[in-house]
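The data block below is structure.cif; it holds mmCIF, C-alpha atoms.
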data_final
#
loop_
_atom_site.label_atom_id
_atom_site.label_comp_id
_atom_site.auth_asym_id
_atom_site.auth_seq_id
_atom_site.Cartn_x
_atom_site.Cartn_y
_atom_site.Cartn_z
CA MET I 811 235.82 103.49 3.23
CA VAL I 812 236.18 103.30 7.01
CA ILE I 813 237.77 100.14 8.35
CA SER I 814 236.43 98.81 11.66
CA GLY I 815 239.91 98.95 13.23
CA SER I 816 240.30 102.64 12.36
CA CYS I 817 241.42 105.15 14.98
CA ALA I 818 239.11 107.98 16.06
CA ALA I 819 240.98 110.47 13.84
CA CYS I 820 240.51 108.40 10.69
CA ARG I 821 236.89 107.59 11.56
CA HIS I 822 236.19 111.30 12.13
CA ARG I 823 237.72 112.24 8.77
CA ARG I 824 236.35 109.15 7.04
CA LYS I 825 239.85 108.14 5.95
CA ARG I 826 241.49 104.76 5.62
CA CYS I 827 243.51 104.15 8.79
CA LYS I 828 246.88 102.93 7.53
CA PRO I 829 249.31 100.86 9.65
CA ASN I 830 251.64 103.88 9.93
CA CYS I 831 248.82 106.31 10.78
CA VAL I 832 250.29 109.13 12.90
CA PHE I 833 247.11 109.47 14.98
CA LYS I 834 246.53 105.78 15.73
CA ALA I 835 248.51 105.64 18.99
CA TYR I 836 246.86 108.74 20.44
CA PHE I 837 243.25 108.64 19.34
CA PRO I 838 241.65 105.26 20.04
CA ALA I 839 238.30 104.59 18.40
CA ASP I 840 236.52 104.39 21.77
CA ASN I 841 237.05 108.10 22.49
CA PRO I 842 235.81 109.99 19.42
CA GLN I 843 235.23 113.24 21.35
CA LYS I 844 238.93 113.63 22.11
CA PHE I 845 239.79 113.87 18.42
CA ALA I 846 236.65 115.84 17.56
CA ASP I 847 237.67 118.61 20.02
CA ILE I 848 241.30 118.83 18.99
CA HIS I 849 240.28 118.67 15.34
CA LYS I 850 237.83 121.55 15.77
CA VAL I 851 240.43 123.81 17.42
CA LEU I 852 243.64 122.88 15.60
CA GLY I 853 242.67 120.82 12.57
CA ALA I 854 244.02 117.41 11.66
CA ARG I 855 246.99 118.75 9.70
CA LYS I 856 248.38 120.74 12.65
CA VAL I 857 247.83 117.85 15.08
CA GLY I 858 249.64 115.47 12.71
CA GLU I 859 252.50 117.96 12.24
CA PHE I 860 252.70 118.41 16.00
CA ILE I 861 252.99 114.66 16.66
CA GLU I 862 255.62 114.35 13.93
CA SER I 863 257.60 117.30 15.32
CA LEU I 864 257.63 115.69 18.78
CA GLN I 865 258.78 112.38 17.33
CA ALA I 866 261.44 114.15 15.26
CA SER I 867 262.66 115.87 18.46
CA HIS I 868 263.00 112.43 20.10
CA TYR I 869 260.29 112.89 22.70
CA SER I 870 259.33 109.52 24.16
CA GLN I 871 256.05 107.78 23.39
CA SER I 872 254.73 108.65 26.86
CA GLN I 873 255.72 112.31 26.42
CA CYS I 874 253.90 112.38 23.07
CA GLN I 875 250.90 110.85 24.84
CA GLU I 876 251.05 113.53 27.56
CA ALA I 877 251.34 116.23 24.89
CA ILE I 878 248.22 115.01 23.11
CA GLU I 879 246.34 114.70 26.41
CA SER I 880 247.18 118.28 27.41
CA LEU I 881 246.43 119.61 23.93
CA SER I 882 243.08 117.77 23.91
CA TYR I 883 242.28 119.23 27.31
CA GLU I 884 243.14 122.75 26.10
CA SER I 885 240.94 122.19 23.05
CA SER I 886 237.93 121.06 25.08
CA CYS I 887 238.38 124.08 27.39
CA ARG I 888 238.43 126.38 24.34
CA ILE I 889 235.23 124.81 23.00
CA ASN I 890 233.52 125.24 26.39
CA ASP I 891 234.78 128.81 26.84
CA PRO I 892 235.64 130.34 23.44
CA VAL I 893 236.85 133.63 24.94
CA PHE I 894 239.17 132.50 27.74
CA GLY I 895 239.58 128.75 27.20
CA ILE I 896 241.89 127.11 29.71
CA VAL I 897 243.13 130.55 30.79
CA SER I 898 239.90 130.96 32.77
CA LEU I 899 240.94 127.98 34.94
CA LEU I 900 244.36 129.55 35.41
CA CYS I 901 242.76 132.83 36.53
CA ALA I 902 240.40 130.99 38.91
CA LEU I 903 243.31 129.10 40.47
CA GLU I 904 245.33 132.32 40.81
CA ALA I 905 242.36 133.96 42.55
CA ASP I 906 242.03 130.97 44.92
CA LEU I 907 245.74 131.08 45.64
CA HIS I 908 245.56 134.80 46.40
CA LYS I 909 242.63 134.14 48.75
CA PHE I 910 244.53 131.38 50.58
CA LYS I 911 247.65 133.53 50.89
CA ASN I 912 245.56 136.28 52.47
CA GLN I 913 243.88 133.81 54.83
CA LEU I 914 247.25 132.40 55.78
CA ASP I 915 248.56 135.91 56.51
CA ILE I 916 245.53 136.59 58.70
CA VAL I 917 245.81 133.40 60.73
CA ASN I 918 249.58 133.78 61.07
CA LYS I 919 249.01 137.24 62.55
CA GLU I 920 246.33 135.74 64.81
CA ILE I 921 248.85 133.15 66.05
CA GLU I 922 251.46 135.83 66.63
CA ALA I 923 248.91 137.86 68.62
CA LEU I 924 247.88 134.82 70.68
CA GLN I 925 251.50 133.88 71.33
CA ALA I 926 252.31 137.46 72.29
CA THR I 927 249.37 137.48 74.72
CA ASP I 928 250.53 134.19 76.22
CA ALA I 929 254.06 135.51 76.55
CA VAL I 930 253.18 138.94 77.92
CA LEU I 931 250.16 138.34 80.16
CA PRO I 932 251.73 136.10 82.82
CA THR I 933 254.70 138.49 83.07
CA ASN I 934 252.32 141.43 83.49
CA GLN I 935 250.30 139.49 86.00
CA VAL I 936 253.42 138.87 87.96
CA ALA I 937 255.03 142.25 87.52
CA ALA I 938 252.01 144.45 87.82
CA PRO I 939 251.54 146.14 91.14
CA GLU I 940 248.64 144.62 93.06
CA ALA I 941 247.22 147.92 94.17
CA MET E 638 254.03 142.36 -2.08
CA VAL E 639 253.93 143.48 1.57
CA ILE E 640 252.44 146.91 2.18
CA SER E 641 253.95 149.03 4.97
CA GLY E 642 250.57 149.28 6.75
CA SER E 643 250.14 145.50 6.83
CA CYS E 644 249.22 143.70 10.06
CA ALA E 645 251.63 141.20 11.61
CA ALA E 646 249.62 138.26 10.18
CA CYS E 647 249.88 139.51 6.59
CA ARG E 648 253.52 140.46 7.01
CA HIS E 649 254.29 137.01 8.41
CA ARG E 650 252.53 135.31 5.48
CA ARG E 651 253.78 137.90 2.96
CA LYS E 652 250.21 138.64 1.92
CA ARG E 653 248.54 141.87 0.88
CA CYS E 654 246.71 143.23 3.96
CA LYS E 655 243.25 144.15 2.68
CA PRO E 656 240.97 146.66 4.43
CA ASN E 657 238.68 143.83 5.56
CA CYS E 658 241.57 141.63 6.79
CA VAL E 659 240.26 139.43 9.61
CA PHE E 660 243.59 139.55 11.48
CA LYS E 661 244.21 143.33 11.29
CA ALA E 662 242.42 144.26 14.56
CA TYR E 663 244.20 141.55 16.57
CA PHE E 664 247.73 141.35 15.24
CA PRO E 665 249.35 144.78 15.00
CA ALA E 666 252.57 145.03 13.02
CA ASP E 667 254.58 146.00 16.11
CA ASN E 668 254.12 142.57 17.73
CA PRO E 669 255.16 140.00 15.12
CA GLN E 670 255.90 137.30 17.72
CA LYS E 671 252.26 137.12 18.80
CA PHE E 672 251.16 136.02 15.34
CA ALA E 673 254.24 133.88 14.77
CA ASP E 674 253.43 131.79 17.87
CA ILE E 675 249.73 131.34 17.19
CA HIS E 676 250.50 130.62 13.52
CA LYS E 677 253.00 127.93 14.47
CA VAL E 678 250.53 126.13 16.77
CA LEU E 679 247.19 126.63 15.01
CA GLY E 680 247.96 127.92 11.53
CA ALA E 681 246.49 131.03 9.94
CA ARG E 682 243.40 129.29 8.56
CA LYS E 683 242.23 128.05 11.98
CA VAL E 684 242.92 131.43 13.61
CA GLY E 685 240.94 133.20 10.89
CA GLU E 686 238.07 130.71 11.22
CA PHE E 687 238.13 131.14 14.99
CA ILE E 688 237.87 134.94 14.76
CA GLU E 689 235.05 134.63 12.22
CA SER E 690 233.19 132.12 14.41
CA LEU E 691 233.40 134.49 17.39
CA GLN E 692 232.12 137.38 15.28
CA ALA E 693 229.31 135.19 13.89
CA SER E 694 228.34 134.30 17.47
CA HIS E 695 228.11 138.04 18.27
CA TYR E 696 230.99 138.17 20.70
CA SER E 697 232.02 141.78 21.24
CA GLN E 698 235.22 143.24 19.86
CA SER E 699 236.79 143.23 23.34
CA GLN E 700 235.80 139.58 23.85
CA CYS E 701 237.39 138.69 20.50
CA GLN E 702 240.49 140.58 21.63
CA GLU E 703 240.54 138.62 24.92
CA ALA E 704 240.09 135.36 23.00
CA ILE E 705 243.07 136.09 20.75
CA GLU E 706 245.16 137.16 23.74
CA SER E 707 244.42 133.93 25.63
CA LEU E 708 244.95 131.80 22.52
CA SER E 709 248.28 133.56 21.83
CA TYR E 710 249.32 132.94 25.41
CA GLU E 711 248.41 129.24 25.13
CA SER E 712 250.40 129.04 21.89
CA SER E 713 253.52 130.61 23.38
CA CYS E 714 253.26 128.21 26.36
CA ARG E 715 253.01 125.26 23.95
CA ILE E 716 256.10 126.43 22.07
CA ASN E 717 258.04 126.81 25.34
CA ASP E 718 256.85 123.46 26.69
CA PRO E 719 255.77 121.17 23.84
CA VAL E 720 254.69 118.35 26.16
CA PHE E 721 252.57 120.13 28.76
CA GLY E 722 252.10 123.65 27.37
CA ILE E 723 249.95 125.86 29.59
CA VAL E 724 248.79 122.78 31.53
CA SER E 725 252.17 122.82 33.33
CA LEU E 726 251.24 126.23 34.81
CA LEU E 727 247.87 124.83 35.85
CA CYS E 728 249.58 121.89 37.61
CA ALA E 729 252.07 124.22 39.34
CA LEU E 730 249.24 126.45 40.60
CA GLU E 731 247.29 123.42 41.82
CA ALA E 732 250.37 122.21 43.69
CA ASP E 733 250.82 125.67 45.27
CA LEU E 734 247.15 125.74 46.22
CA HIS E 735 247.44 122.32 47.84
CA LYS E 736 250.49 123.51 49.78
CA PHE E 737 248.68 126.62 51.01
CA LYS E 738 245.59 124.62 52.01
CA ASN E 739 247.79 122.31 54.08
CA GLN E 740 249.59 125.25 55.69
CA LEU E 741 246.25 126.86 56.48
CA ASP E 742 245.02 123.63 58.08
CA ILE E 743 248.16 123.47 60.21
CA VAL E 744 247.96 127.05 61.44
CA ASN E 745 244.22 126.78 62.04
CA LYS E 746 244.87 123.77 64.26
CA GLU E 747 247.64 125.75 65.98
CA ILE E 748 245.17 128.57 66.68
CA GLU E 749 242.60 126.12 68.01
CA ALA E 750 245.22 124.63 70.33
CA LEU E 751 246.33 128.06 71.55
CA GLN E 752 242.74 129.16 72.08
CA ALA E 753 241.98 125.93 73.93
CA THR E 754 244.99 126.50 76.17
CA ASP E 755 243.87 130.09 76.84
CA ALA E 756 240.33 128.94 77.57
CA VAL E 757 241.30 126.05 79.82
CA LEU E 758 244.27 127.36 81.79
CA PRO E 759 242.68 130.34 83.58
CA THR E 760 239.67 128.18 84.50
CA ASN E 761 242.01 125.53 85.92
CA GLN E 762 243.99 128.20 87.68
CA VAL E 763 240.81 129.47 89.25
CA ALA E 764 239.12 126.14 89.87
CA ALA E 765 242.12 124.12 91.03
CA PRO E 766 242.46 123.75 94.79
CA GLU E 767 245.36 125.87 96.04
CA ALA E 768 246.78 123.18 98.25
#
Written as structure tokens, that's how I'd like the structure from this file.
Amino acid sequence: MVISGSCAACRHRRKRCKPNCVFKAYFPADNPQKFADIHKVLGARKVGEFIESLQASHYSQSQCQEAIESLSYESSCRINDPVFGIVSLLCALEADLHKFKNQLDIVNKEIEALQATDAVLPTNQVAAPEA
Amino acid sequence: MVISGSCAACRHRRKRCKPNCVFKAYFPADNPQKFADIHKVLGARKVGEFIESLQASHYSQSQCQEAIESLSYESSCRINDPVFGIVSLLCALEADLHKFKNQLDIVNKEIEALQATDAVLPTNQVAAPEA
């Protein structure tokens, strides 16, 4: 029987959501997709164990919340891209970074060249023989 | 009983590695840490189901290999950083990218200023009355 106040994890698994439910604080009923994704990739048992291991290691409530958010994000990325998952975003960012580094090198050299021209030309104009 | 030709997954779980073992192609015996990490985060059942789902969806052997590599990498990141996992790398790359974009904006403006100076000064020098 599913109680109306059940969390998304208990609703998804059609379980009774007990007052000490390990999922309750992290999977509110109004966001069923968040649990559905993490459940598909890791399974409820591993998610529950993970939350308990964080609590046992004295991570704060907000750290546990962050951990579940990042794990949910990883899970949704894996569902969208089964081969590369979130790693595809990492690769795309690395490629962008490489592109920007190259662009920065190019424009820095351009500045150096412009500054060198500014520094050299007047001197040449002055020093060069007029003939 | 563990057979000497067992894959890392079967060795880790102390199971008999059968010829049709789903893990054999992805977890060679010489890299036990790779399976240990993914097993800790996802569990053997989910990893096996994941490989089977990729095969059922006709992903190639090399795509399955890539998928296990990226999933193993995610798992090792999660073990090293239980709160943010691989997402911490994503955030660091985004911060670097933001920094590079800003630097690029600055040097592009510097170039524009230098080019404007180069374009304006000679004209002024020519056009300005000599008195």
- Query: Which residues of chain I are close to chain E, meaning at most 8 Å apart when you count only C-alpha atoms, and how do they look as a VMD selection string?
  - Reply: chain I and resid 851 to 853 856 864 873 to 874 876 to 878 880 to 881 884 892 to 895 897 899 to 900 903 to 904 906 to 907 910 to 911 913 to 914 917 to 918 920 to 921 924 to 925 928
- Task: Name the residues that the PyMOL selection byres ((chain I and resi 814-827) around 8) picks from the file above, as a PyMOL selection string, using the file's chain letters and numbers.
- Result: chain I and resi 811-813+828-829+831+833-834+837-842+845-846+854
- Compile the contact shell of Glu862 in chain I as a list in words: residues with an atom at most 8 Å away, counting only C-alpha atoms, same-chain residues fewer than 4 positions apart removed.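 So the residues in contact are Val832, Gly858 and Ala866 of chain I.
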- Query: How many Å lie between CA of Ala835 in chain I and CA of Gln865 in chain I, rounded to one decimal?
  - Reply: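 According to the coordinates, CA of Ala835 in chain I and CA of Gln865 in chain I are separated by 12.4 Å.
Straight-line separation from CA of Ile916 in chain I to CA of Ala729 in chain E: 23.9 Å.
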